[in-house]
Structure formats: C-alpha cells, structure tokens
Amino acid sequence: MITLETQRLIVRDYKESDLRDMHRLWSDPAVMYFLDDIMSHTPEDTASNLKYAMSNADGHYFCFCDKNTGDFIGSVGYTIQNTTPLGKIVHMGYLLLPQYRGKGYTPEAVQAVIKFAFEQDNCIRITTGCHKDNDASRKVMERAGFRKEGERIQAVYHDGEMKDRLEYAINKDDFISAMGMWR
C-alpha cells in the first residue's frame, strides 16, 4: 500500500472501507459537474470504481485525508497514457468534497502525487486539463506547478453545448528544475 504524507494530508491507496466516502465524492452533482460522464449514480457504480482504483491496473489512484482527523477530503490519481523507453506519460485528475474548497488541499495532494510519479514511478510527463470555465481546477493546476500548453476551442460537449478545454502538463525536467517549490 502506497502512503504519501504532506504537511496536512495523508495521500494513500484506496481501500474497501473507503466505499462510503468515495460514493459521497463521486455522486455529488457539484463535484462531478464537469465530469458528469464518470459520475457514480448508484453505490454499485462506486463499488465498481473503487475496485478499479484499488487494482491500479493502468495507473495510481489515491484518496487524501486530513492528517490530524483522518477525514476523507478528496481523490487524486493518474492513468498511464503511454509507456516509452524513457518512462511513462500519464494523465492526472482530482476531485474534492465541497466543504474543503478554498483551503489549498488539492494542490497539496496533487504535488505529493507528482513527486511520487517522478521520483518513484518512472513517469516523465504528466498531463491534465479542464473546461475553460472551471476556474477552481485551473487554479489547482497552476498552483501545483503545471504549465498551460494549449487551449482547444469547442473541443468538449458539456451541459448541452460545445466548450473550450485548457490543457496543462509538467515534465520531469520541469519538476527537477523547480525542486525548491516541492520541499
């Protein structure tokens, strides 16, 4: 079991006892507004997602919890997109329960997972992105050290219309150069 520690958080592999908290997160319409295609509609959907997350079959998927109270706060992880002779290229995502917004927990958890990916999991590039009008997610990416690489115009169907999408990434070399930010 992988466990990462930050100043305020424990970032760890999911376990079966996380089902209730995971369902609270993945079935919340406010949390899943921009990710409605992967929203859990039933506890059975969530149980299937939890089983998949625990398998780490194509990446690493973690929950993050308050270090002092143990309270479940959110989810962060990545899916392997490509494996090259130089290392893995992965795509990251994250979710946060609404009552924890605005406290800096998500960038803190994301940075821990970036550090793990580059230092322990042979990753060389991490991509992520969001709908252009998802300011909270954009701020997380920027605070966590990702660099904006592009904007795709009317690239995603969402909420009855085509919307723009922002694309961000961080390469291992960027991470190494910015090590002061991560300590």
# chains A, B, ... in the order shown; residues from 1 in each chain; ligands from 1
call {"tool": "select_by_dssp", "arguments": {"residues": "chain A", "states": "strand (DSSP E)", "output": "PyMOL selection string"}}
result
chain A and resi 3-5+9-13+59-66+72-84+87-96+123-131+147-158+161-171
call {"tool": "residues_around", "arguments": {"residues": "range 126-137 of chain A", "least_positions_apart": "3", "cutoff": "8 Å", "atoms": "only C-alpha atoms", "output": "list in words"}}
result
Phe34, Ile89, Val90, His91, Met92, Gly93, Ile114, Cys123, Val140, Met141, Val156, Lys163, Asp164, Arg165, Leu166, Glu167, Tyr168, Ala169, Ile170 and Asn171 of chain A
call {"tool": "write_last_selection", "arguments": {"atoms": "C-alpha atoms", "output": "short mmCIF file (atom, residue, chain, number, x, y, z; two decimals), in the first residue's frame"}}
result
data_model
loop_
_atom_site.label_atom_id
_atom_site.label_comp_id
_atom_site.auth_asym_id
_atom_site.auth_seq_id
_atom_site.Cartn_x
_atom_site.Cartn_y
_atom_site.Cartn_z
CA PHE A 34 -17.54 19.00 -15.17
CA ILE A 89 3.38 9.57 -19.83
CA VAL A 90 0.33 9.87 -17.58
CA HIS A 91 -2.87 11.92 -17.32
CA MET A 92 -3.90 13.21 -13.88
CA GLY A 93 -7.27 14.04 -12.35
CA ILE A 114 3.52 14.48 -8.89
CA CYS A 123 7.00 8.96 -15.06
CA VAL A 140 -5.18 23.93 -8.78
CA MET A 141 -3.12 23.06 -11.85
CA VAL A 156 -15.77 19.10 -25.37
CA LYS A 163 -16.98 24.13 -24.65
CA ASP A 164 -13.33 25.09 -24.72
CA ARG A 165 -10.76 22.98 -22.86
CA LEU A 166 -7.45 24.03 -21.34
CA GLU A 167 -4.51 21.61 -21.46
CA TYR A 168 -1.71 21.62 -18.88
CA ALA A 169 1.39 19.50 -18.29
CA ILE A 170 4.54 19.15 -16.26
CA ASN A 171 7.62 17.27 -17.43
#
call {"tool": "closest_residue", "arguments": {"among": "A:Ala30, A:Ile10, A:Tyr61, A:Glu44", "to": "Ala117 in chain A", "atoms": "only C-alpha atoms"}}
result
A:Tyr61
call {"tool": "residues_around", "arguments": {"residues": "range 5-9 of chain A", "least_positions_apart": "5", "cutoff": "12 Å", "atoms": "only C-alpha atoms", "output": "list in words"}}
result
Phe62, Cys63, Phe64, Cys65, Asp66, Lys67, Asn68, Thr69, Gly70, Asp71, Phe72, Ile73, Gly74, Ser75, Lys103, Gly104, Tyr105, Thr106, Pro107, Glu108, Ala109, Val110, Gln111, Ala112, Val113, Lys115, Phe116, Trp182 and Arg183 of chain A
call {"tool": "residues_around", "arguments": {"residues": "Ala53 in chain A", "least_positions_apart": "4", "cutoff": "10 Å", "atoms": "only C-alpha atoms", "output": "list in words"}}
result
Asp13, Tyr14, Lys15, Ala47, Ser48, Asn49, Ala57, Asp58, Gly59, His60, Tyr61, Phe62, Cys63 and Gly77 of chain A
call {"tool": "select_by_dssp", "arguments": {"residues": "range 28-181 of chain A", "states": "helix (DSSP H, G or I)", "output": "ChimeraX atom specification"}}
result
/A:33-38,43-55,98-100,105-120,135-143,172-177,179-181
call {"tool": "closest_residue", "arguments": {"among": "A:Leu95, A:Ile176, A:Met1, A:Val31", "to": "Glu119 in chain A", "atoms": "only C-alpha atoms"}}
result
A:Ile176
call {"tool": "atom_distance", "arguments": {"atom1": "CA of Leu86 in chain A", "atom2": "CA of Lys172 in chain A"}}
result
10.7 Å
call {"tool": "closest_residue", "arguments": {"among": "A:Ala178, A:Thr84, A:Tyr94, A:Pro29", "to": "Arg138 in chain A", "atoms": "only C-alpha atoms"}}
result
A:Tyr94
call {"tool": "atom_distance", "arguments": {"atom1": "CA of Leu35 in chain A", "atom2": "CA of Asp121 in chain A"}}
result
26.4 Å
call {"tool": "atom_distance", "arguments": {"atom1": "CA of Val76 in chain A", "atom2": "CA of Glu149 in chain A"}}
result
21.1 Å
call {"tool": "closest_residue", "arguments": {"among": "A:His41, A:Asn56, A:Leu97, A:Asp159", "to": "Asp21 in chain A", "atoms": "only C-alpha atoms"}}
result
A:Leu97
